[in-house]
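Participant: Just so it is clear, I am handing over input.csv, which has CSV, C-alpha atoms.
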```
chain,number,residue,atom,x,y,z
Q,1,MET,CA,99.9,98.7,45.5
Q,2,ASN,CA,99.3,100.3,48.9
Q,3,PRO,CA,101.0,103.6,49.9
Q,4,LEU,CA,103.7,101.8,52.0
Q,5,GLU,CA,104.6,99.5,49.2
Q,6,PHE,CA,104.7,102.4,46.8
Q,7,PHE,CA,107.0,104.3,49.2
Q,8,LEU,CA,109.3,101.4,49.7
Q,9,THR,CA,109.6,100.8,46.0
Q,10,PHE,CA,110.9,104.3,45.5
Q,11,LEU,CA,113.1,104.2,48.6
Q,12,LYS,CA,114.7,100.9,47.5
Q,13,ALA,CA,115.3,102.3,44.0
Q,14,SER,CA,117.1,105.4,45.4
Q,15,LEU,CA,119.0,103.6,48.1
Q,16,PHE,CA,120.6,101.1,45.7
Q,17,SER,CA,121.6,103.6,43.0
Q,18,THR,CA,123.6,106.7,42.4
Q,19,ASP,CA,122.6,110.2,41.2
Q,20,GLY,CA,119.4,111.6,39.8
Q,21,LEU,CA,118.4,109.1,37.2
Q,22,GLY,CA,120.1,106.1,38.7
Q,23,ASN,CA,116.9,104.9,40.3
Q,24,LEU,CA,115.1,104.8,37.0
Q,25,PRO,CA,115.9,101.1,36.0
Q,26,SER,CA,114.7,99.7,39.3
Q,27,LEU,CA,111.5,101.8,39.3
Q,28,HIS,CA,110.9,101.0,35.7
Q,29,GLN,CA,111.1,97.3,36.4
Q,30,ASP,CA,109.0,97.3,39.6
Q,31,LEU,CA,106.2,99.7,38.5
Q,32,LEU,CA,105.9,98.2,35.0
Q,33,ALA,CA,105.6,94.7,36.5
Q,34,ASN,CA,102.8,95.9,38.8
Q,35,GLY,CA,101.0,97.5,36.0
Q,36,ILE,CA,101.1,100.8,37.9
Q,37,ALA,CA,103.1,102.8,35.3
Q,38,THR,CA,103.7,102.6,31.6
Q,39,ASP,CA,106.7,103.5,29.4
Q,40,THR,CA,104.8,106.7,28.5
Q,41,ASP,CA,104.6,107.7,32.2
Q,42,PHE,CA,108.4,107.2,32.4
Q,43,SER,CA,109.0,109.3,29.3
Q,44,ARG,CA,106.7,112.1,30.5
Q,45,SER,CA,108.4,112.1,33.9
Q,46,VAL,CA,111.9,112.2,32.6
Q,47,ALA,CA,111.0,115.0,30.2
Q,48,LEU,CA,109.3,116.9,33.0
Q,49,GLY,CA,112.3,116.5,35.3
Q,50,GLN,CA,114.4,118.2,32.6
Q,51,ILE,CA,112.0,121.0,32.0
Q,52,SER,CA,111.4,122.0,35.6
Q,53,PRO,CA,114.2,123.9,37.6
Q,54,GLY,CA,116.1,122.1,40.3
Q,55,PRO,CA,117.9,118.8,40.4
Q,56,ASN,CA,117.0,116.4,37.6
Q,57,GLY,CA,116.4,113.7,40.2
Q,58,LEU,CA,113.0,115.3,40.9
Q,59,TRP,CA,111.7,113.5,37.8
Q,60,ALA,CA,110.7,110.8,40.3
Q,61,LEU,CA,108.1,113.3,41.8
Q,62,ALA,CA,106.5,113.6,38.4
Q,63,LEU,CA,106.4,109.8,38.2
Q,64,GLY,CA,104.8,109.8,41.7
Q,65,TYR,CA,102.1,112.2,40.5
Q,66,PHE,CA,101.3,110.3,37.3
Q,67,THR,CA,101.0,107.0,39.2
Q,68,TYR,CA,99.6,108.0,42.6
Q,69,GLY,CA,98.6,111.6,42.5
Q,70,ILE,CA,99.6,114.1,45.1
Q,71,LEU,CA,100.2,111.4,47.7
Q,72,GLY,CA,102.6,109.9,45.2
Q,73,VAL,CA,104.5,113.1,45.0
Q,74,ILE,CA,104.8,113.3,48.8
Q,75,LEU,CA,105.9,109.6,49.1
Q,76,ALA,CA,108.4,109.9,46.3
Q,77,PHE,CA,109.8,113.1,47.8
Q,78,ILE,CA,110.4,111.4,51.2
Q,79,ALA,CA,111.9,108.4,49.5
Q,80,ILE,CA,114.4,110.3,47.4
Q,81,ILE,CA,115.5,112.6,50.2
Q,82,ILE,CA,116.4,109.9,52.7
Q,83,PRO,CA,119.4,108.1,51.0
Q,84,PRO,CA,121.6,111.2,50.6
Q,85,PHE,CA,121.6,111.7,54.4
Q,86,ILE,CA,124.0,108.7,54.5
Q,87,VAL,CA,126.6,111.2,53.6
Q,88,LEU,CA,126.6,112.5,57.2
Q,89,LEU,CA,127.6,109.0,58.3
Q,90,LEU,CA,130.4,108.9,55.7
Q,91,ALA,CA,131.5,112.3,56.8
Q,92,THR,CA,132.0,111.2,60.4
Q,93,VAL,CA,134.2,108.3,59.3
Q,94,HIS,CA,135.9,110.6,56.8
Q,95,ARG,CA,139.4,110.4,58.4
Q,96,ARG,CA,139.5,106.8,57.6
Q,97,ILE,CA,137.9,107.0,54.2
Q,98,GLU,CA,141.2,106.5,52.4
Q,99,HIS,CA,141.2,103.0,53.9
Q,100,LEU,CA,137.6,102.4,53.0
Q,101,THR,CA,138.5,101.3,49.5
Q,102,TRP,CA,135.7,98.8,49.5
Q,103,VAL,CA,133.2,101.7,49.7
Q,104,LYS,CA,134.8,103.2,46.6
Q,105,GLY,CA,134.7,99.8,44.9
Q,106,LEU,CA,131.1,99.3,45.9
Q,107,MET,CA,129.9,102.6,44.6
Q,108,ARG,CA,131.8,102.1,41.3
Q,109,GLY,CA,130.2,98.7,40.9
Q,110,VAL,CA,126.7,100.2,41.5
Q,111,SER,CA,127.4,102.9,39.0
Q,112,LEU,CA,128.5,100.4,36.4
Q,113,ALA,CA,125.4,98.3,37.0
Q,114,VAL,CA,123.2,101.5,36.5
Q,115,VAL,CA,124.8,101.9,33.1
Q,116,GLY,CA,124.1,98.3,32.1
Q,117,LEU,CA,120.5,98.5,33.3
Q,118,PHE,CA,119.9,101.8,31.5
Q,119,ILE,CA,120.6,100.2,28.2
Q,120,ILE,CA,117.5,98.0,28.7
Q,121,VAL,CA,115.3,100.9,29.8
Q,122,ILE,CA,116.3,102.8,26.7
Q,123,ILE,CA,115.4,99.8,24.5
Q,124,SER,CA,112.0,99.5,26.3
Q,125,LEU,CA,111.3,103.3,25.8
Q,126,VAL,CA,112.1,103.1,22.1
Q,127,THR,CA,110.1,100.0,21.4
Q,128,SER,CA,107.1,101.3,23.3
Q,129,VAL,CA,106.4,103.8,20.5
Q,130,GLY,CA,107.1,101.3,17.8
Q,131,LEU,CA,110.4,101.2,16.0
Q,132,GLU,CA,109.9,103.3,12.8
Q,133,TRP,CA,112.1,105.8,11.0
Q,134,LYS,CA,110.4,108.8,12.6
Q,135,THR,CA,111.1,107.5,16.1
Q,136,VAL,CA,114.7,106.7,15.2
Q,137,ILE,CA,115.3,110.2,13.7
Q,138,VAL,CA,114.0,112.0,16.8
Q,139,MET,CA,116.0,109.7,19.1
Q,140,ILE,CA,119.3,110.1,17.3
Q,141,GLY,CA,118.7,113.9,16.9
Q,142,THR,CA,118.0,114.3,20.6
Q,143,PHE,CA,121.0,112.1,21.5
Q,144,GLY,CA,123.3,114.2,19.4
Q,145,LEU,CA,122.1,117.5,20.6
Q,146,SER,CA,122.0,116.6,24.3
Q,147,PHE,CA,125.3,114.8,24.2
Q,148,SER,CA,127.1,117.8,22.8
Q,149,ARG,CA,125.8,119.8,25.7
Q,150,ARG,CA,125.7,122.9,23.5
Q,151,VAL,CA,122.0,123.2,23.1
Q,152,ASN,CA,119.6,124.0,25.9
Q,153,ILE,CA,117.5,120.9,27.0
Q,154,LEU,CA,114.3,123.0,26.9
Q,155,LEU,CA,114.9,123.8,23.3
Q,156,ILE,CA,115.7,120.2,22.5
Q,157,LEU,CA,112.5,118.9,24.1
Q,158,GLY,CA,110.5,121.7,22.5
Q,159,LEU,CA,111.8,120.7,19.1
Q,160,ALA,CA,110.9,117.0,19.8
Q,161,ALA,CA,107.4,118.0,20.8
Q,162,LEU,CA,107.1,120.1,17.6
Q,163,GLY,CA,108.5,117.3,15.6
Q,164,GLY,CA,105.9,114.9,17.2
Q,165,TYR,CA,103.1,117.3,16.4
Q,166,LEU,CA,104.1,117.7,12.7
Q,167,LEU,CA,105.1,114.0,12.1
Q,168,TYR,CA,102.2,112.2,13.8
J,1,MET,CA,138.5,117.6,89.9
J,2,THR,CA,139.1,113.9,89.5
J,3,ASP,CA,142.4,112.4,88.5
J,4,LYS,CA,141.0,111.5,85.1
J,5,GLN,CA,140.0,115.0,84.3
J,6,LEU,CA,143.4,116.2,85.4
J,7,SER,CA,145.2,113.8,83.1
J,8,GLU,CA,143.3,115.0,80.1
J,9,PRO,CA,144.9,117.7,78.0
J,10,THR,CA,143.5,121.1,78.6
J,11,VAL,CA,144.4,122.4,75.1
J,12,ALA,CA,141.4,122.5,72.8
J,13,ILE,CA,141.7,119.8,70.2
J,14,PRO,CA,140.9,121.2,66.8
J,15,LYS,CA,137.6,119.6,65.7
J,16,PRO,CA,137.7,117.7,62.5
J,17,HIS,CA,136.8,119.8,59.5
J,18,ASN,CA,133.1,120.3,58.7
J,19,ALA,CA,132.0,119.2,62.2
J,20,TYR,CA,131.6,122.7,63.4
J,21,ALA,CA,128.8,125.1,62.7
J,22,THR,CA,129.4,128.7,61.7
J,23,SER,CA,126.5,129.9,63.8
J,24,LYS,CA,127.1,133.5,62.8
J,25,VAL,CA,125.6,132.8,59.5
J,26,ASN,CA,121.9,133.8,59.4
J,27,PHE,CA,119.3,131.2,58.8
J,28,TRP,CA,117.2,133.4,56.6
J,29,GLU,CA,120.2,134.5,54.6
J,30,ILE,CA,121.0,130.8,53.8
J,31,LEU,CA,117.4,130.2,52.9
J,32,ARG,CA,117.3,133.2,50.6
J,33,ILE,CA,120.5,132.2,48.8
J,34,TRP,CA,119.4,128.6,48.3
J,35,LEU,CA,116.0,129.7,47.1
J,36,LEU,CA,117.8,131.6,44.4
J,37,ILE,CA,120.0,128.6,43.6
J,38,GLY,CA,116.9,126.4,43.5
J,39,VAL,CA,115.0,128.5,40.9
J,40,GLN,CA,118.0,129.2,38.8
J,41,SER,CA,119.5,125.8,38.4
J,42,PHE,CA,118.1,124.5,35.2
J,43,GLY,CA,119.4,121.5,33.3
J,44,GLY,CA,121.0,119.3,35.9
J,45,GLY,CA,123.9,119.4,38.3
J,46,SER,CA,126.5,121.5,36.6
J,47,ALA,CA,124.4,124.7,36.8
J,48,THR,CA,123.7,124.0,40.5
J,49,MET,CA,127.3,123.4,41.2
J,50,PHE,CA,128.3,126.6,39.5
J,51,LEU,CA,125.8,128.6,41.6
J,52,ILE,CA,126.9,126.9,44.8
J,53,ARG,CA,130.5,127.8,44.2
J,54,ARG,CA,129.7,131.4,43.2
J,55,GLU,CA,127.4,132.1,46.2
J,56,HIS,CA,129.6,130.4,48.9
J,57,ILE,CA,133.2,130.8,47.7
J,58,THR,CA,133.4,133.8,45.3
J,59,LYS,CA,130.8,136.1,46.8
J,60,ARG,CA,131.1,135.1,50.5
J,61,ASN,CA,133.9,133.5,52.4
J,62,TRP,CA,131.6,130.8,53.7
J,63,LEU,CA,133.4,127.9,52.1
J,64,THR,CA,136.8,127.2,50.5
J,65,GLU,CA,137.4,125.4,47.2
J,66,ASP,CA,138.9,122.6,49.2
J,67,ASP,CA,135.7,122.2,51.3
J,68,VAL,CA,133.6,121.9,48.2
J,69,ASN,CA,135.9,119.4,46.6
J,70,GLU,CA,136.2,117.3,49.7
J,71,PHE,CA,132.4,117.3,50.2
J,72,TRP,CA,131.9,116.4,46.5
J,73,ALA,CA,134.2,113.4,46.9
J,74,LEU,CA,132.1,112.1,49.8
J,75,CYS,CA,128.9,112.6,47.8
J,76,GLN,CA,130.3,110.3,45.1
J,77,LEU,CA,130.3,107.5,47.7
J,78,THR,CA,126.7,108.2,48.8
J,79,PRO,CA,123.6,106.6,47.4
J,80,GLY,CA,120.9,108.7,45.9
J,81,MET,CA,121.1,112.3,44.5
J,82,SER,CA,124.6,113.7,44.9
J,83,ILE,CA,123.5,117.3,44.8
J,84,ILE,CA,121.2,116.7,47.8
J,85,ALA,CA,124.1,115.1,49.7
J,86,LEU,CA,126.3,118.1,48.9
J,87,SER,CA,123.6,120.5,50.1
J,88,ILE,CA,123.3,118.5,53.3
J,89,LEU,CA,127.1,118.8,54.0
J,90,ILE,CA,127.1,122.5,53.1
J,91,GLY,CA,124.1,123.2,55.2
J,92,ARG,CA,125.6,121.5,58.2
J,93,LYS,CA,128.8,123.4,57.9
J,94,LEU,CA,127.0,126.7,57.7
J,95,LYS,CA,124.6,126.2,60.6
J,96,GLY,CA,124.2,122.6,61.8
J,97,TRP,CA,120.8,121.1,61.5
J,98,LYS,CA,119.1,124.4,61.0
J,99,GLY,CA,121.5,124.9,58.0
J,100,ILE,CA,120.5,121.6,56.5
J,101,VAL,CA,116.8,122.6,56.8
J,102,ALA,CA,117.4,126.0,55.2
J,103,VAL,CA,119.5,124.6,52.4
J,104,LEU,CA,117.2,121.8,51.5
J,105,THR,CA,114.1,124.0,51.7
J,106,GLY,CA,115.6,126.6,49.4
J,107,LEU,CA,117.0,124.1,46.9
J,108,LEU,CA,113.9,121.9,46.7
J,109,PHE,CA,110.8,123.9,47.6
J,110,PRO,CA,110.4,125.9,44.4
J,111,SER,CA,111.3,123.0,42.1
J,112,VAL,CA,109.0,120.5,43.9
J,113,ILE,CA,106.1,122.9,43.5
J,114,ILE,CA,106.8,123.7,39.9
J,115,THR,CA,107.3,120.0,39.1
J,116,THR,CA,104.0,119.1,40.7
J,117,ILE,CA,102.1,121.9,38.9
J,118,LEU,CA,103.7,120.9,35.5
J,119,ALA,CA,102.8,117.2,36.1
J,120,ALA,CA,99.2,118.2,36.9
J,121,GLY,CA,99.1,120.3,33.7
J,122,PHE,CA,100.5,117.5,31.7
J,123,ASN,CA,97.8,115.2,33.0
J,124,ALA,CA,95.0,117.7,32.3
J,125,VAL,CA,95.9,118.2,28.6
J,126,GLY,CA,97.4,114.8,28.1
J,127,SER,CA,94.3,113.2,26.5
J,128,LEU,CA,94.0,115.9,23.8
J,129,ALA,CA,95.0,114.9,20.3
J,130,PRO,CA,97.8,117.6,19.8
J,131,ALA,CA,99.3,116.7,23.2
J,132,GLN,CA,99.2,113.1,22.2
J,133,ALA,CA,101.1,113.8,19.0
J,134,MET,CA,103.7,116.0,20.8
J,135,LEU,CA,104.2,113.2,23.4
J,136,LYS,CA,104.9,110.8,20.5
J,137,GLY,CA,107.9,113.1,19.7
J,138,VAL,CA,108.9,113.5,23.3
J,139,ILE,CA,109.1,109.8,24.1
J,140,PRO,CA,111.9,108.9,21.6
J,141,ALA,CA,113.5,112.2,22.6
J,142,THR,CA,113.7,111.0,26.2
J,143,ALA,CA,115.1,107.8,25.0
J,144,GLY,CA,117.9,109.7,23.2
J,145,LEU,CA,118.3,111.9,26.2
J,146,SER,CA,118.7,108.9,28.5
J,147,LEU,CA,121.2,107.5,26.1
J,148,ALA,CA,123.2,110.7,26.4
J,149,VAL,CA,122.9,110.6,30.2
J,150,ALA,CA,124.0,107.0,30.3
J,151,LEU,CA,127.0,107.7,28.1
J,152,GLN,CA,128.0,110.8,30.1
J,153,PHE,CA,127.8,108.6,33.2
J,154,ALA,CA,129.7,105.7,31.6
J,155,ILE,CA,132.6,107.5,30.0
J,156,PRO,CA,134.3,108.7,33.2
J,157,LEU,CA,133.8,105.3,34.8
J,158,LEU,CA,135.4,103.5,31.8
J,159,LYS,CA,138.2,106.1,31.6
J,160,LYS,CA,139.1,105.5,35.3
J,161,GLY,CA,139.1,101.7,34.5
J,162,TRP,CA,141.3,102.3,31.4
J,163,ASN,CA,143.8,104.3,33.4
J,164,GLU,CA,144.0,101.7,36.1
J,165,LYS,CA,144.8,98.4,34.6
J,166,VAL,CA,143.5,95.9,32.0
J,167,ALA,CA,141.8,94.0,34.8
J,168,SER,CA,139.9,97.1,36.0
J,169,PHE,CA,138.7,98.0,32.5
J,170,SER,CA,137.6,94.5,31.5
J,171,PHE,CA,135.8,94.0,34.9
J,172,SER,CA,134.0,97.3,34.3
J,173,LEU,CA,132.8,96.2,30.8
J,174,LEU,CA,131.9,92.8,32.2
J,175,VAL,CA,129.6,94.4,34.9
J,176,ILE,CA,127.9,96.6,32.3
J,177,GLY,CA,127.4,93.8,29.9
J,178,ALA,CA,126.3,91.2,32.5
J,179,CYS,CA,123.7,93.6,34.0
J,180,ALA,CA,122.3,94.5,30.6
J,181,THR,CA,122.0,90.8,29.6
J,182,LEU,CA,120.7,89.5,32.9
J,183,SER,CA,118.1,92.3,33.2
J,184,GLY,CA,117.1,92.4,29.5
J,185,ILE,CA,117.0,88.8,28.6
J,186,PHE,CA,116.8,86.9,31.9
J,187,LYS,CA,114.6,89.5,33.7
J,188,PHE,CA,116.7,89.5,36.8
J,189,SER,CA,115.6,92.1,39.4
J,190,ALA,CA,117.3,95.4,39.1
J,191,SER,CA,117.9,95.7,42.8
J,192,PHE,CA,119.5,92.3,42.9
J,193,LEU,CA,121.9,93.2,40.0
J,194,LEU,CA,122.7,96.6,41.7
J,195,ILE,CA,123.5,95.0,45.0
J,196,GLY,CA,125.3,92.0,43.4
J,197,SER,CA,127.5,94.3,41.2
J,198,GLY,CA,128.2,96.5,44.2
J,199,THR,CA,129.3,93.6,46.4
J,200,LEU,CA,131.4,92.0,43.7
J,201,ALA,CA,133.0,95.4,42.9
J,202,ALA,CA,133.7,96.0,46.6
J,203,LEU,CA,135.7,92.7,46.6
J,204,ILE,CA,137.5,93.0,43.3
J,205,PHE,CA,138.3,96.8,42.8
J,206,PRO,CA,140.3,97.1,46.1
J,207,ARG,CA,142.4,94.1,45.0
J,208,ILE,CA,143.1,95.6,41.6
J,209,TRP,CA,144.0,99.0,43.2
J,210,TRP,CA,146.3,97.3,45.8
J,211,SER,CA,148.2,95.4,43.1
J,212,ILE,CA,148.6,98.6,41.1
J,213,GLN,CA,150.1,100.2,44.3
J,214,GLN,CA,152.4,97.2,44.7
J,215,THR,CA,153.8,97.4,41.2
J,216,GLN,CA,154.2,101.2,41.5
J,217,GLU,CA,156.2,100.7,44.7
J,218,GLN,CA,158.4,98.0,43.1
J,219,SER,CA,159.2,100.2,40.2
J,220,LYS,CA,160.4,103.0,42.5
```
Hey, can you dump this file as structure tokens for me?
Facilitator:
Amino acid sequence: MNPLEFFLTFLKASLFSTDGLGNLPSLHQDLLANGIATDTDFSRSVALGQISPGPNGLWALALGYFTYGILGVILAFIAIIIPPFIVLLLATVHRRIEHLTWVKGLMRGVSLAVVGLFIIVIISLVTSVGLEWKTVIVMIGTFGLSFSRRVNILLILGLAALGGYLLY
Amino acid sequence: MTDKQLSEPTVAIPKPHNAYATSKVNFWEILRIWLLIGVQSFGGGSATMFLIRREHITKRNWLTEDDVNEFWALCQLTPGMSIIALSILIGRKLKGWKGIVAVLTGLLFPSVIITTILAAGFNAVGSLAPAQAMLKGVIPATAGLSLAVALQFAIPLLKKGWNEKVASFSFSLLVIGACATLSGIFKFSASFLLIGSGTLAALIFPRIWWSIQQTQEQSK
């Protein structure tokens, strides 16, 4: 994959998705198909995005690094920063936005599609380590802790790493 | 003066909100505040949102609660990261293009550097046996985490659908189910499904909302 293709893959994923992790399913599909990234790369990147400060969407930079080095970080950065600028366009037509119900419908549809696609990514992540009881326990534990939003994510991932160290 | 100029009203028309720049605000001050927001915002959007409100509304009179709410509503209709879109709108309101530069640099510079360093560190130790074992725990953990993220993402969407009408709720479920099936089993391209769902929803949701409005008006 040449740099331009790499950049366009990231740009496309961010342009046709919402929020920080919304671009994950599209990137997962494209980069896995090209043999550029593995499920492990995705897991490492998502975990890193949670550990480092700043928006979670920066997980894509870690993915850029693991797959394409420093150039990957730069290309991923440019690609994820462009789509949000569309908000300036929306702000200028803001006075009529109440009538732009189709835009609201469109974004709702995209968000719903992201949810559906995420289910498949999660299945792929779980099966990549092999479906055994240890995996299932760590997954359910993390899900419960992070869904409750009461426990710090750093602590959760630290526990998972410790668990991995002890179990495997 | 030409006739045309004469006929135009001389009273200044108030510019639409957020179109003006508060040029009194200092560039370096904005940068400093947003650097602090950037390094302090761990764990996703809610921490960042809290800091943005505190620094701009509570501590300084730079923005109002209404500004932020209105901006946020627009960001929900924007592709990509909502928090970046929000920063862009706030930056512009504070100091035009310079404001956007200050805000984005502050928010992203520290985290981009830290993320890159961490990724490099991960790569360096990644082949060692203990790191491999830890990673084996982290992978299912990210799966669990993604599941939590997906659910937290899905619940408000489904709630909206539930409150609207049976048609809206069932259409929402249909989109989720169809995308999962078509992507998982039939290997449809993700972009195709995202664009397809968006287009379909742009056609169907407004109709549902319109019919809800009609019934509400009839019942009045």
Participant: Quick one: which residues from chain Q are at most 6 Å off chain J, using only C-alpha atoms, as an NGL selection string?
Facilitator: :Q and (14-15 or 17-20 or 26 or 43 or 52-56 or 62 or 83-84 or 87 or 101-102 or 105-107 or 109-110 or 112-113 or 115-117 or 120 or 122 or 125-126 or 135 or 138-139 or 142-143 or 147 or 160-161 or 163-165 or 168)
Participant: Atom CA of Asn26 of chain J and atom CA of Asp67 of chain J are how many Å apart?
Facilitator: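 These atoms are spaced 19.8 Å apart.
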Participant: Quick check, in Å to one decimal: how far apart do atom CA of Glu29 of chain J and atom CA of Val103 of chain J lie?
Facilitator: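 So the answer is 10.2 Å.
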Participant: What gap, in Å, lies between atom CA of Val73 of chain Q and atom CA of Leu128 of chain J?
Facilitator: 23.8 Å
